Every structure is written in structure tokens, then in C-alpha cells.
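Here is structure20.txt, consisting of compact mmCIF, C-alpha atoms and all ligand atoms:
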```
# COMPACT_ATOMS: atom_id res chain seq x y z
CA MET J 301 0.00 0.00 0.00
CA THR J 302 1.29 3.49 -0.72
CA ALA J 303 1.09 6.24 1.84
CA PHE J 304 -1.68 7.88 -0.14
CA SER J 305 -4.05 4.95 -0.10
CA LYS J 306 -3.74 4.37 3.62
CA LYS J 307 -6.56 5.43 5.86
CA ILE J 308 -5.78 8.08 8.43
CA ILE J 309 -5.65 7.93 12.22
CA LEU J 310 -5.60 11.02 14.39
CA THR J 311 -5.30 10.53 18.11
CA GLY J 312 -3.44 11.91 21.07
CA ASP J 313 -3.30 13.08 24.66
CA ARG J 314 -3.20 16.16 26.81
CA PRO J 315 0.28 16.76 28.20
CA THR J 316 -0.72 17.07 31.85
CA GLY J 317 1.26 14.16 33.28
CA LYS J 318 3.22 11.05 32.48
CA LEU J 319 1.22 8.28 30.86
CA HIS J 320 0.10 5.23 32.84
CA LEU J 321 -1.01 1.65 32.33
CA GLY J 322 -4.59 2.84 31.70
CA HIS J 323 -3.36 4.82 28.69
CA TYR J 324 -1.41 1.80 27.55
CA VAL J 325 -4.24 -0.73 27.55
CA GLY J 326 -6.86 1.87 26.59
CA SER J 327 -5.25 3.22 23.44
CA LEU J 328 -1.44 3.23 23.25
CA ALA J 329 -1.22 -0.48 22.50
CA ASN J 330 -3.71 -0.01 19.65
CA ARG J 331 -1.71 2.86 18.24
CA VAL J 332 1.46 0.78 18.22
CA LYS J 333 -0.38 -2.04 16.45
CA LEU J 334 -2.00 0.18 13.82
CA GLN J 335 0.93 2.37 12.80
CA ASP J 336 1.73 0.27 9.71
CA GLU J 337 -1.76 -0.19 8.40
CA TYR J 338 -2.72 3.47 8.81
CA GLN J 339 -1.12 6.81 8.28
CA GLN J 340 -1.07 7.84 11.93
CA PHE J 341 -0.89 11.34 13.40
CA ILE J 342 -0.52 11.70 17.16
CA ILE J 343 -1.34 15.06 18.70
CA ILE J 344 0.16 16.28 21.93
CA ALA J 345 -2.77 18.54 22.78
CA ASP J 346 -1.15 21.36 24.72
CA MET J 347 -3.86 23.90 23.85
CA GLN J 348 -6.49 21.51 25.15
CA ALA J 349 -4.42 20.97 28.30
CA LEU J 350 -4.37 24.75 28.83
CA THR J 351 -8.19 24.90 28.83
CA ASP J 352 -8.10 23.89 32.49
CA ASN J 353 -4.48 24.72 33.22
CA ALA J 354 -4.31 28.33 32.08
CA GLU J 355 -2.39 29.21 35.22
CA ASN J 356 0.02 26.27 34.92
CA PRO J 357 1.70 26.63 31.54
CA GLU J 358 4.99 25.19 32.88
CA LYS J 359 3.22 21.97 33.78
CA VAL J 360 1.93 21.67 30.23
CA ARG J 361 5.29 22.58 28.74
CA ASP J 362 7.24 20.09 30.84
CA ASN J 363 4.86 17.26 30.12
CA ILE J 364 5.16 17.58 26.35
CA ILE J 365 8.55 15.87 26.52
CA GLU J 366 7.32 13.36 29.10
CA VAL J 367 4.39 12.29 26.93
CA ALA J 368 6.62 12.10 23.86
CA LEU J 369 9.03 9.87 25.79
CA ASP J 370 6.16 7.64 26.88
CA TYR J 371 4.99 7.30 23.26
CA LEU J 372 8.41 6.37 21.98
CA ALA J 373 9.07 3.99 24.88
CA ALA J 374 5.75 2.24 24.27
CA GLY J 375 6.74 1.56 20.68
CA ILE J 376 5.40 4.46 18.64
CA ASP J 377 7.88 4.78 15.79
CA PRO J 378 8.40 8.39 14.65
CA GLU J 379 9.22 7.15 11.15
CA ARG J 380 5.83 5.53 10.79
CA SER J 381 3.73 7.80 13.05
CA THR J 382 3.79 11.58 13.06
CA ILE J 383 3.93 13.01 16.58
CA PHE J 384 3.25 16.76 16.73
CA ILE J 385 2.43 19.65 19.06
CA GLN J 386 -1.07 21.13 18.77
CA SER J 387 -0.24 24.80 19.42
CA LEU J 388 2.37 24.83 16.67
CA VAL J 389 -0.27 23.97 14.07
CA PRO J 390 -2.23 27.25 13.76
CA GLU J 391 -4.63 25.75 11.20
CA LEU J 392 -6.20 23.84 14.10
CA ALA J 393 -7.06 27.09 15.90
CA GLU J 394 -8.40 28.56 12.67
CA LEU J 395 -10.62 25.58 11.96
CA THR J 396 -11.87 25.69 15.56
CA MET J 397 -13.07 29.26 14.95
CA TYR J 398 -15.07 28.23 11.89
CA PHE J 399 -16.53 25.23 13.71
CA MET J 400 -17.60 27.33 16.71
CA ASN J 401 -20.32 28.82 14.52
CA LEU J 402 -21.77 25.38 13.91
CA VAL J 403 -22.27 24.44 17.57
CA THR J 404 -24.76 25.94 20.00
CA LEU J 405 -24.05 26.63 23.66
CA ALA J 406 -26.76 24.13 24.61
CA ARG J 407 -25.06 21.41 22.57
CA ALA J 408 -21.67 22.18 24.09
CA GLU J 409 -23.17 21.86 27.57
CA ARG J 410 -24.72 18.49 26.73
CA ASN J 411 -21.43 16.65 26.07
CA PRO J 412 -21.42 14.01 28.85
CA THR J 413 -17.63 13.88 29.25
CA VAL J 414 -17.43 17.65 29.57
CA LYS J 415 -20.35 17.58 32.01
CA ASP J 416 -18.56 15.03 34.22
CA GLU J 417 -15.31 16.96 34.11
CA MET J 418 -17.07 20.22 34.95
CA LYS J 419 -18.63 18.60 37.99
CA GLN J 420 -15.33 17.05 39.04
CA LYS J 421 -13.54 20.39 38.74
CA GLY J 422 -16.37 22.30 40.36
CA PHE J 423 -16.60 24.83 37.52
CA GLY J 424 -20.35 25.53 37.57
CA ALA J 425 -21.20 28.73 35.69
CA ASP J 426 -17.58 29.86 35.97
CA VAL J 427 -16.42 27.39 33.36
CA PRO J 428 -13.75 28.85 31.06
CA MET J 429 -15.06 29.29 27.51
CA GLY J 430 -12.09 27.38 26.19
CA PHE J 431 -12.90 24.41 28.38
CA LEU J 432 -16.51 24.23 27.27
CA ALA J 433 -15.35 24.52 23.69
CA TYR J 434 -12.55 21.95 23.81
CA PRO J 435 -14.61 19.26 22.07
CA ILE J 436 -15.01 21.70 19.17
CA SER J 437 -11.27 22.18 19.05
CA GLN J 438 -10.86 18.40 19.26
CA ALA J 439 -13.19 18.05 16.25
CA ALA J 440 -10.87 20.46 14.42
CA ASP J 441 -7.84 18.33 15.44
CA ILE J 442 -9.47 15.29 13.92
CA LEU J 443 -11.05 16.82 10.82
CA ALA J 444 -8.03 18.92 9.84
CA PHE J 445 -6.41 15.57 9.05
CA LYS J 446 -9.58 14.18 7.46
CA ALA J 447 -9.07 11.27 9.81
CA ASN J 448 -11.09 8.09 9.43
CA LEU J 449 -10.28 6.49 12.75
CA VAL J 450 -9.57 7.73 16.28
CA PRO J 451 -8.22 5.15 18.78
CA VAL J 452 -9.08 6.49 22.22
CA GLY J 453 -10.35 5.47 25.63
CA ASN J 454 -14.11 5.08 26.01
CA ASP J 455 -14.53 8.46 27.75
CA GLN J 456 -13.72 10.06 24.38
CA GLU J 457 -16.71 8.54 22.55
CA PRO J 458 -18.85 11.72 22.98
CA MET J 459 -16.06 13.73 21.31
CA ILE J 460 -16.26 11.56 18.21
CA GLU J 461 -20.03 11.90 18.15
CA GLN J 462 -19.73 15.69 18.31
CA THR J 463 -17.02 15.64 15.65
CA ASN J 464 -19.33 13.79 13.26
CA GLU J 465 -22.15 16.25 13.94
CA ILE J 466 -19.87 19.15 13.10
CA ALA J 467 -18.54 17.43 9.97
CA GLU J 468 -22.07 16.67 8.74
CA LYS J 469 -23.17 20.23 9.31
CA PHE J 470 -20.13 21.65 7.55
CA ASN J 471 -20.55 19.24 4.64
CA ARG J 472 -24.22 20.15 4.31
CA ILE J 473 -23.81 23.94 4.50
CA TYR J 474 -20.57 24.41 2.52
CA ALA J 475 -19.26 21.40 0.62
CA PRO J 476 -18.75 17.71 1.40
CA ILE J 477 -15.07 17.64 2.29
CA PHE J 478 -14.97 15.76 5.59
CA PRO J 479 -15.19 11.95 5.93
CA GLU J 480 -17.10 10.15 8.64
CA VAL J 481 -14.96 9.47 11.68
CA LYS J 482 -15.02 6.24 13.65
CA SER J 483 -13.70 5.73 17.14
CA LEU J 484 -11.70 2.66 17.98
CA ILE J 485 -12.30 1.82 21.59
CA SER J 486 -9.95 -0.80 23.01
CA GLU J 487 -11.43 -4.20 23.83
CA THR J 488 -10.05 -3.65 27.29
CA PRO J 489 -12.55 -1.71 29.34
CA ARG J 490 -11.24 1.34 31.15
CA LEU J 491 -8.56 0.25 33.59
CA ILE J 492 -9.60 0.77 37.20
CA GLY J 493 -7.19 2.49 39.59
CA THR J 494 -5.06 0.61 42.12
CA ASP J 495 -7.53 1.77 44.78
CA GLY J 496 -10.47 0.18 42.95
CA LYS J 497 -11.87 3.53 41.79
CA ALA J 498 -13.43 3.60 38.35
CA LYS J 499 -10.63 5.43 36.59
CA MET J 500 -6.87 5.23 36.76
CA SER J 501 -5.59 8.78 36.91
CA LYS J 502 -2.34 10.34 37.97
CA SER J 503 -4.15 13.13 39.79
CA LEU J 504 -6.16 10.61 41.84
CA GLY J 505 -2.88 8.99 42.95
CA ASN J 506 -4.04 5.54 41.86
CA ALA J 507 -1.98 5.11 38.70
CA ILE J 508 0.89 2.84 37.74
CA LEU J 509 3.08 4.88 35.42
CA LEU J 510 4.81 3.51 32.34
CA SER J 511 7.95 5.08 33.82
CA ASP J 512 7.63 3.56 37.32
CA ASN J 513 10.65 1.64 38.61
CA ASP J 514 10.51 -1.87 40.08
CA ASP J 515 10.20 -0.61 43.66
CA ALA J 516 7.34 1.75 42.79
CA ILE J 517 5.52 -1.06 40.98
CA ALA J 518 5.92 -3.39 43.97
CA LYS J 519 4.73 -0.71 46.38
CA LYS J 520 1.67 0.14 44.31
CA VAL J 521 0.71 -3.51 43.93
CA THR J 522 1.25 -4.12 47.67
CA ASP J 523 -1.10 -1.22 48.45
CA MET J 524 -3.76 -2.45 46.01
CA TYR J 525 -7.32 -2.85 47.12
CA THR J 526 -8.29 -6.53 47.47
CA ASP J 527 -11.01 -7.87 49.76
CA PRO J 528 -11.17 -6.03 53.10
CA ASN J 529 -12.74 -9.11 54.74
CA HIS J 530 -9.93 -11.41 53.65
CA ILE J 531 -7.87 -10.97 56.78
CA ARG J 532 -6.26 -14.35 57.42
CA VAL J 533 -4.87 -16.52 54.63
CA SER J 534 -7.37 -19.21 55.58
CA ASP J 535 -10.37 -16.86 55.15
CA PRO J 536 -12.43 -17.26 52.00
CA GLY J 537 -11.88 -14.27 49.71
CA THR J 538 -13.93 -12.37 47.15
CA VAL J 539 -12.69 -12.15 43.58
CA LYS J 540 -15.25 -9.70 42.24
CA GLY J 541 -14.13 -6.09 42.72
CA ASN J 542 -10.70 -7.34 43.81
CA VAL J 543 -8.23 -5.12 41.97
CA VAL J 544 -5.45 -7.71 41.98
CA PHE J 545 -7.64 -10.20 40.14
CA THR J 546 -8.91 -7.54 37.75
CA TYR J 547 -5.31 -6.80 36.78
CA LEU J 548 -4.32 -10.47 36.62
CA ASP J 549 -7.25 -11.07 34.27
CA LEU J 550 -5.88 -8.35 32.02
CA PHE J 551 -2.16 -8.91 32.17
CA ASP J 552 -1.48 -12.53 33.12
CA PRO J 553 -1.19 -14.66 29.98
CA ASP J 554 -1.77 -17.92 31.92
CA LYS J 555 -5.58 -17.89 32.01
CA ALA J 556 -5.86 -21.50 33.27
CA GLU J 557 -3.66 -20.74 36.26
CA ILE J 558 -5.70 -17.63 37.09
CA LYS J 559 -8.85 -19.71 37.07
CA LYS J 560 -7.28 -22.08 39.60
CA LEU J 561 -6.03 -19.22 41.76
CA LYS J 562 -9.51 -17.71 41.84
CA GLU J 563 -11.00 -21.01 43.01
CA ARG J 564 -8.41 -21.34 45.77
CA TYR J 565 -8.93 -17.74 46.82
CA ARG J 566 -12.69 -18.20 47.10
CA GLU J 567 -12.26 -21.37 49.16
CA GLY J 568 -9.74 -19.80 51.51
CA GLY J 569 -6.09 -20.70 51.94
CA LEU J 570 -4.60 -18.37 49.37
CA GLY J 571 -3.01 -15.18 50.67
CA ASP J 572 -2.99 -11.76 49.00
CA VAL J 573 0.80 -11.68 49.25
CA VAL J 574 1.22 -14.58 46.82
CA LEU J 575 -1.09 -12.97 44.30
CA LYS J 576 0.53 -9.59 44.65
CA LYS J 577 3.97 -11.07 44.09
CA ARG J 578 2.73 -12.69 40.91
CA LEU J 579 1.16 -9.47 39.66
CA THR J 580 4.25 -7.44 40.57
CA GLU J 581 6.44 -9.73 38.45
CA ILE J 582 4.05 -9.54 35.50
CA LEU J 583 3.79 -5.75 35.61
CA ARG J 584 7.55 -5.43 35.99
CA SER J 585 8.04 -7.53 32.87
CA ILE J 586 5.64 -5.31 30.88
CA ILE J 587 6.84 -1.95 32.17
CA GLY J 588 10.55 -2.79 32.58
CA PRO J 589 11.52 -2.77 28.89
CA MET J 590 9.51 0.43 28.30
CA ARG J 591 11.16 2.18 31.23
CA GLU J 592 14.62 1.18 30.06
CA ARG J 593 13.94 2.50 26.58
CA ARG J 594 12.53 5.66 28.11
CA ASN J 595 15.61 6.22 30.28
CA GLU J 596 17.83 5.75 27.24
CA LEU J 597 15.79 8.22 25.15
CA ALA J 598 15.61 10.76 27.97
CA LYS J 599 19.39 11.17 27.81
CA ASP J 600 19.03 13.05 24.53
CA PRO J 601 16.23 15.63 24.85
CA ASP J 602 17.43 17.40 21.69
CA ALA J 603 16.67 14.27 19.69
CA ILE J 604 13.13 14.24 21.13
CA ARG J 605 12.67 17.91 20.28
CA LYS J 606 13.83 17.17 16.74
CA ILE J 607 11.26 14.39 16.39
CA LEU J 608 8.53 16.77 17.56
CA LYS J 609 9.70 19.59 15.30
CA GLU J 610 9.81 17.39 12.22
CA GLY J 611 6.50 15.77 13.12
CA THR J 612 4.92 19.19 13.51
CA GLU J 613 6.18 20.25 10.08
CA ARG J 614 4.74 17.10 8.50
CA ALA J 615 1.43 17.66 10.29
CA ARG J 616 1.24 21.23 9.03
CA ALA J 617 1.60 20.15 5.43
CA THR J 618 -1.61 18.14 5.82
CA THR J 619 -3.60 20.72 7.79
CA ALA J 620 -2.61 23.51 5.39
CA ALA J 621 -4.07 21.50 2.51
CA THR J 622 -7.31 20.88 4.41
CA LEU J 623 -7.67 24.54 5.37
CA HIS J 624 -7.25 25.46 1.75
CA ASP J 625 -10.23 23.20 0.95
CA VAL J 626 -12.15 24.62 3.91
CA ARG J 627 -11.72 28.25 2.89
CA ASN J 628 -12.60 27.33 -0.65
CA ALA J 629 -15.78 25.53 0.48
CA MET J 630 -16.72 28.51 2.67
CA LYS J 631 -16.03 30.97 -0.16
CA ILE J 632 -13.57 32.91 1.98
CA ASP J 633 -10.60 32.16 -0.23
CA TYR J 634 -10.47 35.82 -1.15
CA PHE J 635 -7.27 35.90 -3.11
CA GLY J 636 -7.53 32.43 -4.63
N1 LIG J 701 -9.10 14.67 24.70
C1 LIG J 701 -7.94 13.84 24.62
C2 LIG J 701 -7.52 13.52 26.06
O1 LIG J 701 -8.17 13.89 26.99
C3 LIG J 701 -6.79 14.50 23.92
C4 LIG J 701 -7.05 14.90 22.48
C5 LIG J 701 -6.99 16.16 21.97
C6 LIG J 701 -7.41 14.04 21.43
N2 LIG J 701 -7.28 16.14 20.65
C7 LIG J 701 -7.56 14.87 20.27
C8 LIG J 701 -7.66 12.67 21.32
C9 LIG J 701 -7.95 14.35 19.05
C10 LIG J 701 -8.03 12.15 20.08
C11 LIG J 701 -8.19 12.99 18.95
O2 LIG J 701 -6.50 12.89 26.27
```
Output the structure of this file as C-alpha cells.
Amino acid sequence: MTAFSKKIILTGDRPTGKLHLGHYVGSLANRVKLQDEYQQFIIIADMQALTDNAENPEKVRDNIIEVALDYLAAGIDPERSTIFIQSLVPELAELTMYFMNLVTLARAERNPTVKDEMKQKGFGADVPMGFLAYPISQAADILAFKANLVPVGNDQEPMIEQTNEIAEKFNRIYAPIFPEVKSLISETPRLIGTDGKAKMSKSLGNAILLSDNDDAIAKKVTDMYTDPNHIRVSDPGTVKGNVVFTYLDLFDPDKAEIKKLKERYREGGLGDVVLKKRLTEILRSIIGPMRERRNELAKDPDAIRKILKEGTERARATTAATLHDVRNAMKIDYFG
């Protein structure tokens, strides 16, 4: 297949912290798998990160390199995937402005992910305009590349829905230039945190980072939520809602052994310590090679900056072509 006949992926993350296992199973692993079959663009969404970090620009700045390191360590190949920085692609901001006219305030307020985040952050009526509008900017990220597929975690589904609404409206009013976008949600459901909470998140302090060292992994597994009534080894234990088993189900390749361990745990006579040791070893073997690669790459920050600079230039070539089509469709291509 030539580059031109490949379908296009656009996906990415906000640079607000290092990436964790939830990112890995939720979408990073998919991106690594798909980078040959698709032409893949990966956005480090610093402008989106600023929508709720306007007073913390250093945090956003510092995490651009961290997220890039996590991508490369996880197996994203900058030769096959284009990693770029959102704010350095001004066409995205321009397209956002045009799209803003196609979305009502009521629609923006209905986005369920935004609603949840607003509640979590306690914004109420004092929500920054940029925050409320970030799904519109995300639609611009996706459509500026005329992307066909967006591999993301399941909390991003409403963004894809809103993107398609905007694309349809644009196509209807001006000219049909945008394709339909599909989300690719990982088969793995959202990874729960080490504390058993619904979402793994660095800010909730329940995340295992892709950059964690062996000691940190062991400590986090040791502190994992299991069954509070399983006090003595001989006590019967509960498997459901037990974080250690949830993770073993996901990461332990020996499914038959896990089945046996679950039976023994339910009967009583199997201690948490044994299970946690097993999980620690498995997670160390997954994260270890990534961390080593990451440490190697981190020694040469200039090389990372070069990858981002070149990626951003490649990304701009594509978005400039789309914006040319957009202005043409909107009849605002004043000087041809
Ligand atoms: N909203 C995504 C997140 O929270 C980041 C993002 C910005 C994104 N633009 C995107 C994801 C476009 C997919 C496609 O991490």
C-alpha cells in the first residue's frame, strides 16, 4: 500500500502528566499495532491541556517531553507515526473558529464527558469558555487531518459523536469535504485504579506509570485494594471487585492458572501476598523494557525535540491543505 491509499488515524493526549497503564491498555497499544496499516498522526494537545491549566503553563510545557518519551518507549515509531504539538499547528485554531459557529451553547453543555469533568472540577457557571469549547477544538484536530479512525479510551466517545455532527453540518452547508470518523475503543474496558476507583488517573494517585521503577511497581501492587474481609490466609476471599484479580485477568497470559487461583482464593487458603507477588512480576516484565527504553531516550532531549519539530512540520503540510479546501468551500478564499 502506498502512503496515499492508507486510511488516516488522528489521536493523542493532553500533556498534563506522564502516561500510565490505563493509557497503555486503553489506546497506546492499539496505536502501536495500527501504525503500519494506517497513516497515523498523534497530537500532543497542549492547547487543550491549557483549557483547564491556564495558570500552569509550565506543567503543560514540561509534560510535552514526558508524553513524547512515553509514546516512543511504548513503541510508537516516529518514522511511521507523526507526533506533533497542537499549538504549533495554527490551522487547528483557525478551523476551531469556523466550527464554533456550527455548535450551540446548549449542545456544548450536553457533552457528557465535559459535564462530568465540569462537575469534578467544580466549575459551575464559571467554566472557562475554552474548556466548554474543547470538544469543538478536538473536532478540528481530527477533521483537519480528514481522519477516518480515532483510537481512544471510552470516555472520548462523545467527542467523536460531536465531531461527526460538526462534519455533517459543515458538509451540508458548505461542501462535502470531511469523511465520517469512527472511534476505535480498546477491547479492554477502562482500567480501574489501584484503589479500585473507576478510573486510573495520575491526579487521583491511583496510577501505575509507564515510567515507574521496580520498587514503585511493587509498592503500588502491595497497596492495592483486594477484599477487606480477607484478613487471614485461611479466610475465604472475594474475587469480584478485587483489583489484583482484575489486573491479573488483564495482564497474566496464563488464564488456566488464574482460574485455579480464583478457586483457591474463594475457598480460603490463598493469601494476598502470593497474588501480589505474581502481579508485581508480570507488571515489571511489561513496564521494565519500556522504562529502560525511556531512560535511554531521555538522555538526549534534543533528539526528542527534533522528532517533535519534524513531526509538527509534516502535520502542518496536511492541515494547510485541508484549510485550503475549507476556505474554498466557505467561499472565503479571497485571493484564490
Ligand atoms: N481529549 C484527549 C484527552 O483527553 C486529547 C485529544 C486532543 C485528542 N485532541 C484529540 C484525542 C484528538 C483524540 C483525537 O487525552
Please write out the residues within 10 Å of ligand LIG 701 (chain J) as a PDB file with C-alpha atoms, keeping the file's coordinate frame, counting all atoms listed in the file.
```pdb
ATOM      1  CA  ILE J 309      -5.650   7.930  12.220  1.00  0.00           C
ATOM      2  CA  LEU J 310      -5.600  11.020  14.390  1.00  0.00           C
ATOM      3  CA  THR J 311      -5.300  10.530  18.110  1.00  0.00           C
ATOM      4  CA  GLY J 312      -3.440  11.910  21.070  1.00  0.00           C
ATOM      5  CA  ASP J 313      -3.300  13.080  24.660  1.00  0.00           C
ATOM      6  CA  ARG J 314      -3.200  16.160  26.810  1.00  0.00           C
ATOM      7  CA  PRO J 315       0.280  16.760  28.200  1.00  0.00           C
ATOM      8  CA  THR J 316      -0.720  17.070  31.850  1.00  0.00           C
ATOM      9  CA  HIS J 323      -3.360   4.820  28.690  1.00  0.00           C
ATOM     10  CA  SER J 327      -5.250   3.220  23.440  1.00  0.00           C
ATOM     11  CA  PHE J 341      -0.890  11.340  13.400  1.00  0.00           C
ATOM     12  CA  ILE J 342      -0.520  11.700  17.160  1.00  0.00           C
ATOM     13  CA  ILE J 343      -1.340  15.060  18.700  1.00  0.00           C
ATOM     14  CA  ILE J 344       0.160  16.280  21.930  1.00  0.00           C
ATOM     15  CA  ALA J 345      -2.770  18.540  22.780  1.00  0.00           C
ATOM     16  CA  ASP J 346      -1.150  21.360  24.720  1.00  0.00           C
ATOM     17  CA  MET J 347      -3.860  23.900  23.850  1.00  0.00           C
ATOM     18  CA  GLN J 348      -6.490  21.510  25.150  1.00  0.00           C
ATOM     19  CA  ALA J 349      -4.420  20.970  28.300  1.00  0.00           C
ATOM     20  CA  GLN J 386      -1.070  21.130  18.770  1.00  0.00           C
ATOM     21  CA  THR J 413     -17.630  13.880  29.250  1.00  0.00           C
ATOM     22  CA  TYR J 434     -12.550  21.950  23.810  1.00  0.00           C
ATOM     23  CA  PRO J 435     -14.610  19.260  22.070  1.00  0.00           C
ATOM     24  CA  ILE J 436     -15.010  21.700  19.170  1.00  0.00           C
ATOM     25  CA  SER J 437     -11.270  22.180  19.050  1.00  0.00           C
ATOM     26  CA  GLN J 438     -10.860  18.400  19.260  1.00  0.00           C
ATOM     27  CA  ALA J 439     -13.190  18.050  16.250  1.00  0.00           C
ATOM     28  CA  ALA J 440     -10.870  20.460  14.420  1.00  0.00           C
ATOM     29  CA  ASP J 441      -7.840  18.330  15.440  1.00  0.00           C
ATOM     30  CA  ILE J 442      -9.470  15.290  13.920  1.00  0.00           C
ATOM     31  CA  LEU J 443     -11.050  16.820  10.820  1.00  0.00           C
ATOM     32  CA  ALA J 447      -9.070  11.270   9.810  1.00  0.00           C
ATOM     33  CA  LEU J 449     -10.280   6.490  12.750  1.00  0.00           C
ATOM     34  CA  VAL J 450      -9.570   7.730  16.280  1.00  0.00           C
ATOM     35  CA  PRO J 451      -8.220   5.150  18.780  1.00  0.00           C
ATOM     36  CA  VAL J 452      -9.080   6.490  22.220  1.00  0.00           C
ATOM     37  CA  GLY J 453     -10.350   5.470  25.630  1.00  0.00           C
ATOM     38  CA  ASP J 455     -14.530   8.460  27.750  1.00  0.00           C
ATOM     39  CA  GLN J 456     -13.720  10.060  24.380  1.00  0.00           C
ATOM     40  CA  GLU J 457     -16.710   8.540  22.550  1.00  0.00           C
ATOM     41  CA  MET J 459     -16.060  13.730  21.310  1.00  0.00           C
ATOM     42  CA  ILE J 460     -16.260  11.560  18.210  1.00  0.00           C
ATOM     43  CA  THR J 463     -17.020  15.640  15.650  1.00  0.00           C
ATOM     44  CA  SER J 483     -13.700   5.730  17.140  1.00  0.00           C
TER      45      SER J 483
END
```
- [ ] Show which residues sit within 10 Å of range 594-605 of chain J, as an MDAnalysis selection string. Count all atoms listed in the file, and ignore same-chain residues fewer than 4 positions away.
- [x] chainID J and resid 364:366 368:374 378 510:511 588:590 609:611
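Among the candidates J:Ser305, J:Gln335, J:Thr526, J:Asn330, the residue lying nearest to Arg380 in chain J is J:Gln335 (atoms considered: only C-alpha atoms).
Separating CA of Lys631 in chain J from CA of Arg472 in chain J is a distance of 14.3 Å.
Atom pair CA of Met500 in chain J / CA of Met524 in chain J: separated by 12.4 Å.
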Task: Near-range 550-566 of chain J list (8 Å; all atoms listed in the file; drop same-chain fewer than 4 positions) as an MDAnalysis selection string - done: chainID J and resid 488 536:539 545:546 570:571 579 582:583
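Residues within 12 Å of range 414-426 of chain J, counting all atoms listed in the file and excluding same-chain residues fewer than 3 positions away, are J:Thr351, J:Asp352, J:Asn353, J:Ala406, J:Arg407, J:Ala408, J:Glu409, J:Arg410, J:Asn411, J:Met429, J:Gly430, J:Phe431, J:Leu432, J:Ala433, J:Tyr434, J:Pro435, J:Ile436, J:Asp455, J:Gln456, J:Glu457, J:Pro458, J:Met459, J:Gln462, J:Ser503, J:Leu504.
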Take the residues from that selection and write them out as a tab-separated table (two decimals), keeping the file's coordinate frame, keeping C-alpha atoms.
```
chain	number	residue	atom	x	y	z
J	351	THR	CA	-8.19	24.90	28.83
J	352	ASP	CA	-8.10	23.89	32.49
J	353	ASN	CA	-4.48	24.72	33.22
J	406	ALA	CA	-26.76	24.13	24.61
J	407	ARG	CA	-25.06	21.41	22.57
J	408	ALA	CA	-21.67	22.18	24.09
J	409	GLU	CA	-23.17	21.86	27.57
J	410	ARG	CA	-24.72	18.49	26.73
J	411	ASN	CA	-21.43	16.65	26.07
J	429	MET	CA	-15.06	29.29	27.51
J	430	GLY	CA	-12.09	27.38	26.19
J	431	PHE	CA	-12.90	24.41	28.38
J	432	LEU	CA	-16.51	24.23	27.27
J	433	ALA	CA	-15.35	24.52	23.69
J	434	TYR	CA	-12.55	21.95	23.81
J	435	PRO	CA	-14.61	19.26	22.07
J	436	ILE	CA	-15.01	21.70	19.17
J	455	ASP	CA	-14.53	8.46	27.75
J	456	GLN	CA	-13.72	10.06	24.38
J	457	GLU	CA	-16.71	8.54	22.55
J	458	PRO	CA	-18.85	11.72	22.98
J	459	MET	CA	-16.06	13.73	21.31
J	462	GLN	CA	-19.73	15.69	18.31
J	503	SER	CA	-4.15	13.13	39.79
J	504	LEU	CA	-6.16	10.61	41.84
```
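Take the candidates J:Asp535, J:Glu391, J:Arg584, J:Val543 and check each one against Glu567 in chain J using only C-alpha atoms; the shortest distance goes to J:Asp535.
Taking CA of Val325 in chain J and CA of Asp512 in chain J as endpoints, the distance between them is 16.0 Å.
Counting all atoms listed in the file, the residue from J:Asn401, J:Ser387, J:Thr382, J:Asn513 that sits nearest to Ile587 in chain J is J:Asn513.
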Hey, what's within 9 Å of Ile492 in chain J if we count all atoms listed in the file and toss same-chain stuff fewer than 5 positions away? As a short mmCIF file (atom, residue, chain, number, x, y, z; two decimals) with C-alpha atoms, keeping the file's coordinate frame, please?
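Output file around-v9.cif is given in full below:
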```
data_model
loop_
_atom_site.label_atom_id
_atom_site.label_comp_id
_atom_site.auth_asym_id
_atom_site.auth_seq_id
_atom_site.Cartn_x
_atom_site.Cartn_y
_atom_site.Cartn_z
CA GLY J 322 -4.59 2.84 31.70
CA LYS J 497 -11.87 3.53 41.79
CA ALA J 498 -13.43 3.60 38.35
CA LYS J 499 -10.63 5.43 36.59
CA MET J 500 -6.87 5.23 36.76
CA SER J 501 -5.59 8.78 36.91
CA ASN J 506 -4.04 5.54 41.86
CA ALA J 507 -1.98 5.11 38.70
CA VAL J 543 -8.23 -5.12 41.97
CA THR J 546 -8.91 -7.54 37.75
CA TYR J 547 -5.31 -6.80 36.78
#
```
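Among J:Asp495, J:Glu394, J:Asp572, J:Glu461, the residue with the shortest atom-to-atom distance to Lys482 in chain J, counting only C-alpha atoms, is J:Glu461.
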